[in-house]
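With mmCIF, C-alpha atoms inside, this is structure26.cif:
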data_work
#
loop_
_atom_site.label_atom_id
_atom_site.label_comp_id
_atom_site.auth_asym_id
_atom_site.auth_seq_id
_atom_site.Cartn_x
_atom_site.Cartn_y
_atom_site.Cartn_z
CA PRO A 18 -4.81 100.29 38.82
CA TYR A 19 -4.20 101.69 42.29
CA THR A 20 -3.73 98.23 43.84
CA THR A 21 -0.44 97.76 41.98
CA LEU A 22 0.93 100.98 43.41
CA PHE A 23 -0.22 100.13 46.91
CA ARG A 24 1.56 96.80 46.84
CA SER A 25 4.82 98.58 46.08
CA ARG A 26 4.54 100.87 49.10
CA ARG A 27 5.78 99.96 52.55
CA GLN A 28 4.29 102.72 54.62
CA GLU A 29 2.42 101.77 57.78
CA ALA A 30 -1.32 102.29 57.52
CA SER A 31 -3.07 104.61 59.92
CA PRO A 32 -6.17 103.28 61.71
CA THR A 33 -7.85 106.65 61.38
CA VAL A 34 -10.35 107.09 58.56
CA GLY A 35 -12.47 110.02 57.55
CA ARG A 36 -10.82 112.54 59.85
CA LYS A 37 -10.15 115.64 57.81
CA PRO A 38 -7.77 118.24 59.27
CA ALA A 39 -9.29 121.68 59.21
CA GLU A 40 -8.16 123.75 56.27
CA VAL A 41 -6.33 126.91 57.26
CA PRO A 42 -8.23 130.00 56.14
CA GLU A 43 -6.22 132.64 54.38
CA GLY A 44 -5.52 135.58 56.64
CA SER A 45 -5.39 133.43 59.79
CA THR A 46 -3.34 134.79 62.66
CA SER A 47 -0.01 133.44 63.85
CA LYS A 48 -1.83 131.32 66.45
CA ASN A 49 -1.90 128.63 63.77
CA PRO A 50 1.64 127.40 62.94
CA VAL A 51 0.79 126.59 59.32
CA ALA A 52 -0.81 129.99 58.75
CA SER A 53 2.12 131.75 60.41
CA GLU A 54 4.71 129.95 58.30
CA GLU A 55 2.63 130.49 55.17
CA GLU A 56 2.45 134.22 55.83
CA GLN A 57 6.22 134.46 56.32
CA ILE A 58 6.86 132.52 53.11
CA PHE A 59 4.80 134.88 51.01
CA HIS A 60 6.42 137.90 52.65
CA LEU A 61 9.74 136.45 51.44
CA ALA A 62 8.36 136.02 47.94
CA ALA A 63 7.03 139.58 47.91
CA ALA A 64 10.48 140.81 48.94
CA GLY A 65 12.06 139.10 45.94
CA GLU A 66 13.41 136.03 47.77
CA LYS A 67 11.63 133.56 45.51
CA ASP A 68 14.12 130.70 45.83
CA LYS A 69 14.01 130.78 49.62
CA ALA A 70 10.22 131.08 49.55
CA LYS A 71 9.90 128.06 47.21
CA LYS A 72 12.16 125.95 49.40
CA ARG A 73 10.29 126.79 52.60
CA LEU A 74 6.89 126.30 50.95
CA PHE A 75 8.00 122.89 49.66
CA GLU A 76 9.12 121.91 53.16
CA LEU A 77 5.82 123.11 54.63
CA ILE A 78 3.87 121.04 52.09
CA VAL A 79 5.88 117.95 52.97
CA SER A 80 5.39 118.61 56.69
CA CYS A 81 1.60 118.88 56.28
CA ALA A 82 1.47 115.71 54.16
CA LYS A 83 3.44 113.69 56.72
CA LYS A 84 1.05 114.89 59.42
CA LYS A 85 -1.84 113.64 57.24
CA ASP A 86 -3.05 117.23 56.86
CA PHE A 87 -3.85 116.63 53.20
CA ALA A 88 -6.25 119.55 52.82
CA ASN A 89 -3.52 122.06 53.68
CA ALA A 90 -0.84 120.13 51.79
CA GLU A 91 -2.82 120.29 48.55
CA ARG A 92 -3.89 123.87 49.10
CA LEU A 93 -0.29 124.99 49.67
CA ARG A 94 0.90 123.02 46.65
CA ASN A 95 -1.52 125.00 44.50
CA ARG A 96 -0.06 128.21 45.94
CA MET A 97 3.39 127.27 44.64
CA TYR A 98 2.26 128.72 41.30
CA GLU A 99 1.86 132.12 42.94
CA ILE A 100 5.53 132.19 43.85
CA ASP A 101 6.85 130.73 40.61
CA PRO A 102 4.59 129.40 37.81
CA MET A 103 7.63 127.58 36.41
CA ALA A 104 8.40 125.67 39.64
CA LEU A 105 7.35 122.43 37.94
CA MET A 106 9.86 120.21 39.73
CA GLU A 107 8.71 121.32 43.19
CA ILE A 108 5.06 121.04 42.18
CA ILE A 109 5.51 117.51 40.78
CA GLN A 110 7.65 116.28 43.67
CA SER A 111 5.33 117.65 46.33
CA GLY A 112 2.38 116.05 44.54
CA ASP A 113 4.13 112.68 44.57
CA ILE A 114 4.88 112.99 48.28
CA ILE A 115 1.25 113.85 49.07
CA GLU A 116 0.03 110.80 47.13
CA GLU A 117 2.56 108.53 48.88
CA GLU A 118 1.44 109.77 52.28
CA LYS A 119 -2.20 109.27 51.30
CA CYS A 120 -1.45 105.67 50.30
CA GLY A 121 0.31 105.08 53.59
CA ALA A 122 -2.64 106.48 55.54
CA ILE A 123 -5.09 103.95 54.13
CA ASN A 124 -6.23 101.25 56.54
CA LYS A 125 -4.87 97.90 55.27
CA ASN A 126 -8.17 96.17 55.96
CA HIS A 127 -10.01 98.78 53.91
CA LEU A 128 -7.54 98.35 51.07
CA GLN A 129 -8.16 94.61 51.06
CA ILE A 130 -11.94 95.12 51.07
CA TRP A 131 -12.09 97.71 48.29
CA SER A 132 -9.22 96.70 45.99
CA LYS A 133 -11.50 94.60 43.78
CA PRO A 134 -14.80 96.58 43.80
CA LEU A 135 -13.01 99.88 43.07
CA GLU A 136 -10.28 98.58 40.75
CA ASP A 137 -11.52 100.86 37.94
CA LEU A 138 -10.35 103.91 39.89
CA SER A 139 -6.80 105.21 39.56
CA THR A 140 -4.63 105.48 42.66
CA GLU A 141 -5.20 109.22 42.80
CA GLU A 142 -8.97 108.90 42.40
CA PHE A 143 -9.25 106.28 45.12
CA ASN A 144 -7.06 108.33 47.47
CA ALA A 145 -9.14 111.43 46.77
CA ILE A 146 -12.50 109.93 47.76
CA TYR A 147 -11.08 107.79 50.59
CA HIS A 148 -9.66 110.73 52.48
CA VAL A 149 -12.82 112.84 52.29
CA MET A 150 -15.15 110.09 53.49
CA GLU A 151 -16.60 109.97 56.99
CA GLU A 152 -16.60 106.74 58.97
CA ARG A 153 -19.75 105.84 60.93
CA GLU A 154 -20.74 103.03 63.28
CA TYR A 155 -24.20 101.51 63.71
CA HIS A 156 -25.66 99.18 66.32
CA PRO A 157 -27.95 96.23 65.51
CA GLU A 158 -31.41 97.41 64.34
CA GLN A 159 -30.20 101.00 64.00
CA ILE A 160 -31.54 102.57 60.79
CA LEU A 161 -29.08 104.14 58.36
CA VAL A 162 -31.72 105.59 56.05
CA SER A 163 -35.50 105.20 55.82
CA GLN A 164 -37.82 104.75 52.88
CA GLY A 165 -38.93 108.22 51.78
CA ASP A 166 -35.77 110.02 52.97
CA LYS A 167 -33.96 112.51 50.71
CA ASN A 168 -30.51 111.27 51.77
CA ASP A 169 -28.03 111.56 48.86
CA GLU A 170 -25.00 109.82 50.38
CA LEU A 171 -23.08 106.81 49.09
CA PHE A 172 -22.43 104.08 51.68
CA PHE A 173 -19.36 101.81 51.54
CA ILE A 174 -19.71 98.87 53.96
CA ASN A 175 -16.44 98.07 55.74
CA GLN A 176 -17.67 95.67 58.37
CA GLY A 177 -20.95 94.11 59.48
CA SER A 178 -24.23 93.63 57.61
CA ILE A 179 -27.12 95.84 56.52
CA ARG A 180 -30.69 94.73 55.76
CA ALA A 181 -32.38 96.30 52.75
CA SER A 182 -36.18 96.19 53.00
CA TYR A 183 -39.21 97.69 51.30
CA MET A 184 -42.51 98.71 52.92
CA GLY A 185 -45.51 97.87 50.77
CA GLY A 186 -48.57 99.12 52.61
CA GLU A 187 -48.31 97.78 56.17
CA LYS A 188 -46.01 94.90 55.24
CA GLU A 189 -42.21 94.91 55.20
CA PHE A 190 -40.57 92.94 52.39
CA PHE A 191 -36.99 91.71 52.84
CA LEU A 192 -34.78 92.36 49.81
CA LYS A 193 -31.26 91.28 50.81
CA ASN A 194 -28.43 91.72 53.29
CA LEU A 195 -25.56 93.96 52.19
CA ASN A 196 -22.18 92.91 53.57
CA SER A 197 -18.56 94.04 53.68
CA GLY A 198 -17.35 95.29 50.31
CA GLU A 199 -20.80 96.27 49.02
CA ILE A 200 -22.08 99.75 48.18
CA ALA A 201 -25.50 101.32 48.76
CA GLY A 202 -26.87 104.67 47.67
CA GLU A 203 -29.76 104.65 45.21
CA CYS A 204 -30.24 108.43 45.47
CA PHE A 205 -26.58 109.40 45.10
CA PHE A 206 -26.50 109.57 41.31
CA ASN A 207 -30.10 110.65 40.66
CA ALA A 208 -32.23 113.03 42.69
CA SER A 209 -34.85 110.79 44.30
CA VAL A 210 -36.29 109.82 47.65
CA TRP A 211 -35.25 106.45 49.06
CA THR A 212 -37.62 103.66 48.12
CA MET A 213 -36.18 101.22 50.66
CA THR A 214 -34.90 101.19 54.24
CA LEU A 215 -31.38 100.20 55.32
CA THR A 216 -31.01 98.76 58.84
CA ALA A 217 -27.89 97.43 60.57
CA VAL A 218 -28.21 93.68 61.28
CA LYS A 219 -25.16 93.57 63.58
CA PRO A 220 -22.45 96.03 64.63
CA THR A 221 -21.60 97.76 61.38
CA ARG A 222 -18.97 100.22 60.21
CA ILE A 223 -19.33 102.14 56.96
CA MET A 224 -17.62 104.97 55.11
CA VAL A 225 -19.81 107.70 53.64
CA LEU A 226 -19.21 109.84 50.55
CA THR A 227 -21.41 112.92 50.22
CA ARG A 228 -22.49 114.58 46.98
CA GLU A 229 -20.73 117.77 48.06
CA GLN A 230 -17.41 115.98 48.44
CA LEU A 231 -17.82 114.12 45.17
CA LEU A 232 -18.39 117.37 43.28
CA LEU A 233 -15.23 118.86 44.79
CA GLN A 234 -13.22 115.81 43.71
CA GLU A 235 -14.89 115.79 40.28
CA GLU A 236 -13.29 119.18 39.62
CA LYS A 237 -9.87 117.57 40.11
CA PHE A 238 -10.72 114.26 38.44
CA PRO A 239 -13.26 114.74 35.62
CA GLY A 240 -15.17 111.53 34.99
CA LEU A 241 -14.93 110.32 38.59
CA GLU A 242 -18.71 110.39 39.07
CA SER A 243 -19.21 108.42 35.87
CA LYS A 244 -16.76 105.75 37.06
CA LEU A 245 -18.48 105.46 40.43
CA ARG A 246 -21.88 105.23 38.73
CA ASP A 247 -20.63 102.38 36.51
CA ILE A 248 -19.22 100.57 39.55
CA TYR A 249 -22.49 100.97 41.44
CA ASN A 250 -24.64 99.81 38.53
CA ARG A 251 -22.40 96.80 38.01
CA THR A 252 -22.37 95.71 41.65
CA SER A 253 -25.86 96.63 42.90
CA ASP A 254 -28.71 94.18 42.29
CA ILE A 255 -31.41 95.83 44.42
CA HIS A 256 -33.65 96.82 41.51
CA LEU A 257 -33.28 93.36 39.97
CA LEU A 258 -34.38 91.82 43.26
CA LEU A 259 -37.41 94.12 43.40
CA ASN A 260 -38.51 92.93 39.99
CA LYS A 261 -37.88 89.25 40.80
CA LYS A 262 -39.92 89.50 43.99
CA GLY A 263 -42.70 91.28 42.14
CA LEU A 264 -42.33 94.37 44.31
CA ASP A 265 -42.92 96.93 41.61
CA ARG A 266 -42.97 100.22 43.49
CA ARG A 267 -45.35 101.71 40.92
CA ILE A 268 -48.66 100.86 42.52
CA TYR A 269 -50.78 102.26 39.69
CA GLU A 270 -50.63 101.58 35.98
CA ARG A 271 -49.06 104.43 34.01
CA TYR A 272 -50.47 105.84 30.79
CA ARG A 273 -48.55 107.74 28.14
CA LEU A 274 -49.88 111.30 27.92
CA GLU A 275 -48.03 114.03 26.03
CA ARG A 276 -49.34 117.50 26.67
CA LYS A 277 -48.10 120.99 27.59
CA ILE A 278 -48.81 121.77 31.24
CA GLN A 279 -48.23 124.65 33.63
CA VAL A 280 -46.34 123.76 36.79
CA HIS A 281 -46.10 125.87 39.96
CA ILE A 282 -43.58 125.29 42.76
CA LEU A 283 -45.23 125.78 46.16
CA ASP A 284 -43.84 126.92 49.50
CA LYS A 285 -44.69 125.22 52.80
CA THR A 286 -47.93 127.18 53.05
CA GLY A 287 -49.07 126.08 49.59
CA LYS A 288 -48.37 129.46 47.97
CA SER A 289 -46.88 129.50 44.47
CA ILE A 290 -43.31 130.82 44.45
CA SER A 291 -42.46 130.15 40.78
CA GLY A 292 -44.00 128.70 37.65
CA PHE A 293 -42.90 127.24 34.34
CA ARG A 294 -44.15 125.33 31.29
CA ALA A 295 -43.34 121.63 30.99
CA ASP A 296 -44.09 118.64 28.78
CA LEU A 297 -46.29 116.04 30.45
CA SER A 298 -44.92 112.55 29.80
CA ASP A 299 -47.17 110.06 31.59
CA ILE A 300 -49.81 109.88 34.29
CA SER A 301 -51.46 107.38 36.63
CA LEU A 302 -53.99 107.51 39.45
CA GLY A 303 -51.12 108.15 41.87
CA GLY A 304 -48.77 110.49 40.03
CA LEU A 305 -47.30 111.88 36.85
CA SER A 306 -44.00 112.73 35.23
CA PHE A 307 -43.03 115.65 33.05
CA ILE A 308 -39.98 116.81 31.10
CA VAL A 309 -38.35 120.13 31.88
CA ARG A 310 -35.07 121.76 30.90
CA ILE A 311 -32.61 122.45 33.76
CA SER A 312 -29.32 124.05 32.74
CA LYS A 313 -27.23 122.68 35.62
CA LYS A 314 -27.58 119.06 36.76
CA GLU A 315 -27.11 119.77 40.48
CA ASN A 316 -29.99 122.27 40.39
CA SER A 317 -32.31 119.37 39.61
CA ARG A 318 -31.94 118.27 43.24
CA LEU A 319 -33.55 121.53 44.36
CA LEU A 320 -36.89 120.20 43.11
CA LEU A 321 -36.74 117.06 45.25
CA GLY A 322 -39.36 117.05 48.01
CA ARG A 323 -40.99 120.23 46.72
CA GLY A 324 -44.75 120.62 46.62
CA ILE A 325 -46.10 121.37 43.15
CA LYS A 326 -49.38 122.31 41.52
CA ALA A 327 -49.92 121.23 37.91
CA ALA A 328 -52.56 122.64 35.58
CA ILE A 329 -53.51 120.03 32.97
CA PRO A 330 -55.84 120.86 30.04
CA VAL A 331 -59.01 118.74 29.78
CA ILE A 332 -62.04 118.64 27.48
CA GLY A 333 -63.86 121.97 27.08
CA ALA A 334 -60.79 124.21 27.53
CA LYS A 335 -60.83 123.54 31.26
CA MET A 336 -57.88 122.93 33.54
CA GLU A 337 -57.52 120.09 36.03
CA MET A 338 -55.50 121.35 39.01
CA ILE A 339 -53.47 118.57 40.64
CA HIS A 340 -51.27 118.83 43.75
CA GLY A 341 -48.35 116.57 44.56
CA THR A 342 -44.75 116.22 45.74
CA VAL A 343 -41.62 115.71 43.65
CA ILE A 344 -40.11 112.32 44.54
CA GLY A 345 -37.54 111.96 41.78
CA VAL A 346 -35.62 113.89 39.10
CA GLN A 347 -33.68 111.92 36.50
CA SER A 348 -31.64 112.84 33.47
CA PHE A 349 -33.76 112.39 30.34
CA HIS A 350 -31.66 113.94 27.57
CA LEU A 351 -28.29 114.95 29.01
CA LEU A 352 -26.99 116.80 25.94
CA GLU A 353 -30.07 119.03 25.89
CA SER A 354 -30.24 119.32 29.72
CA ASP A 355 -33.71 117.74 29.81
CA PHE A 356 -34.82 116.07 33.05
CA SER A 357 -37.74 113.82 33.88
CA VAL A 358 -39.51 114.97 37.05
CA HIS A 359 -41.63 112.41 38.91
CA VAL A 360 -44.51 113.58 41.10
CA LYS A 361 -46.61 111.68 43.64
CA PHE A 362 -50.12 113.10 44.05
CA ASP A 363 -51.18 114.22 47.51
CA ILE A 364 -54.54 112.55 46.88
CA PRO A 365 -54.88 109.83 44.17
CA LEU A 366 -57.08 110.75 41.23
CA VAL A 367 -60.51 109.23 40.89
CA ARG A 368 -60.84 106.97 37.87
CA SER A 369 -63.27 109.32 36.07
CA THR A 370 -60.81 112.24 36.25
CA LEU A 371 -58.00 110.14 34.85
CA GLN A 372 -60.29 108.91 32.06
CA ALA A 373 -61.23 112.48 31.15
CA LEU A 374 -57.56 113.43 30.91
CA LEU A 375 -56.77 110.45 28.71
CA GLU A 376 -59.66 111.13 26.35
CA GLU A 377 -58.61 114.71 25.60
#
Rewrite the structure from the file as structure tokens, please.
Amino acid sequence: PYTTLFRSRRQEASPTVGRKPAEVPEGSTSKNPVASEEEQIFHLAAAGEKDKAKKRLFELIVSCAKKKDFANAERLRNRMYEIDPMALMEIIQSGDIIEEEKCGAINKNHLQIWSKPLEDLSTEEFNAIYHVMEEREYHPEQILVSQGDKNDELFFINQGSIRASYMGGEKEFFLKNLNSGEIAGECFFNASVWTMTLTAVKPTRIMVLTREQLLLQEEKFPGLESKLRDIYNRTSDIHLLLNKKGLDRRIYERYRLERKIQVHILDKTGKSISGFRADLSDISLGGLSFIVRISKKENSRLLLGRGIKAAIPVIGAKMEMIHGTVIGVQSFHLLESDFSVHVKFDIPLVRSTLQALLEE
């Protein structure tokens, strides 16, 4: 576990969190010292001076790492292969130095807070997500995210307290206070709108991991998302509290209804921009869900918040046209790339229409 490694280090921690040095674009001019040195190094390599080029590139990587410029340090380390694919010693050593500097740049208070909740992560995995997170501050009664938002960030609470609440009609229901060392982000792992509101109770500091950053780190550390999901499911009790308090967010009773339907995705003007066949799964007065195949998981998030029009067969070879908005997309059968899409109707069905659909 990463905590064992951290205890063996003696580097001073930096108070700065979430500040990511700008990555140097290839082809940058000599105005940037890193880009200038990088250009000279690869001129040396092109001229046949590979040993000199390797040495200078190694020194540049170390220099970037010690300046906490981890984006450039890692990028340059990957470029070592371009000079010499067999430079394994330099590649390994520079990687170790980058990881040591990352460990030393972690705020000691943050390490103490997260050593237990995130103990399933390796040192490298923890370092990876820590150094791409953004730190934010909130004042008392300032809202982090509102019920109905499409926010897909994961919140790590460093300091302070956050109130989780649920609006049922005109009434706000208190769920719990989230404190230092707890994680929030119900829409991070599944495409869905937020079904609760998070509000700062007192001055609060959090670190935020975005989906975009997670996907970049997942390429380097396969299985990282799965580990974070397991940690979140193990530590979050929000849904359990909803059930205990009787705050079932499904207002209407659902009925199983399996049927082929035609679904159209609508633009902001209500015009159909694409259509596909889907398998209706269930329906209620307020919404429905259907199963559809989506080849790439991240593309499922493109449906979130979209207006749709569904054509559902009824008695007499007629079609019932229903309009709604996609409020959630969840994995249904991962191996077959099947997803369950949840739709909230713009206008609830009348009981007679629902009955006609169920009798078909």
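Here atom CA of Arg180 of chain A stands at a distance of 18.8 Å from atom CA of Lys167 of chain A.
Across A:Leu305, A:Val210, A:Val358, A:Ile223, the tightest approach to His340 of chain A is made by A:Leu305 when counting all atoms listed in the file.
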Would you translate the PyMOL selection byres ((chain A and resi 213) around 12) into the concrete set of residues it matches in this file, as a ChimeraX atom specification? /A:160-168,180-185,189-193,201-204,209-212,214-216,255-256,259,264,266
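Counting all atoms listed in the file, the residue from A:Asn207, A:Asn175, A:Leu241, A:Arg271 that sits nearest to Ser357 of chain A is A:Asn207.
The two atoms in question, atom CA of Tyr155 of chain A and atom CA of Leu226 of chain A, are spaced 16.4 Å apart.
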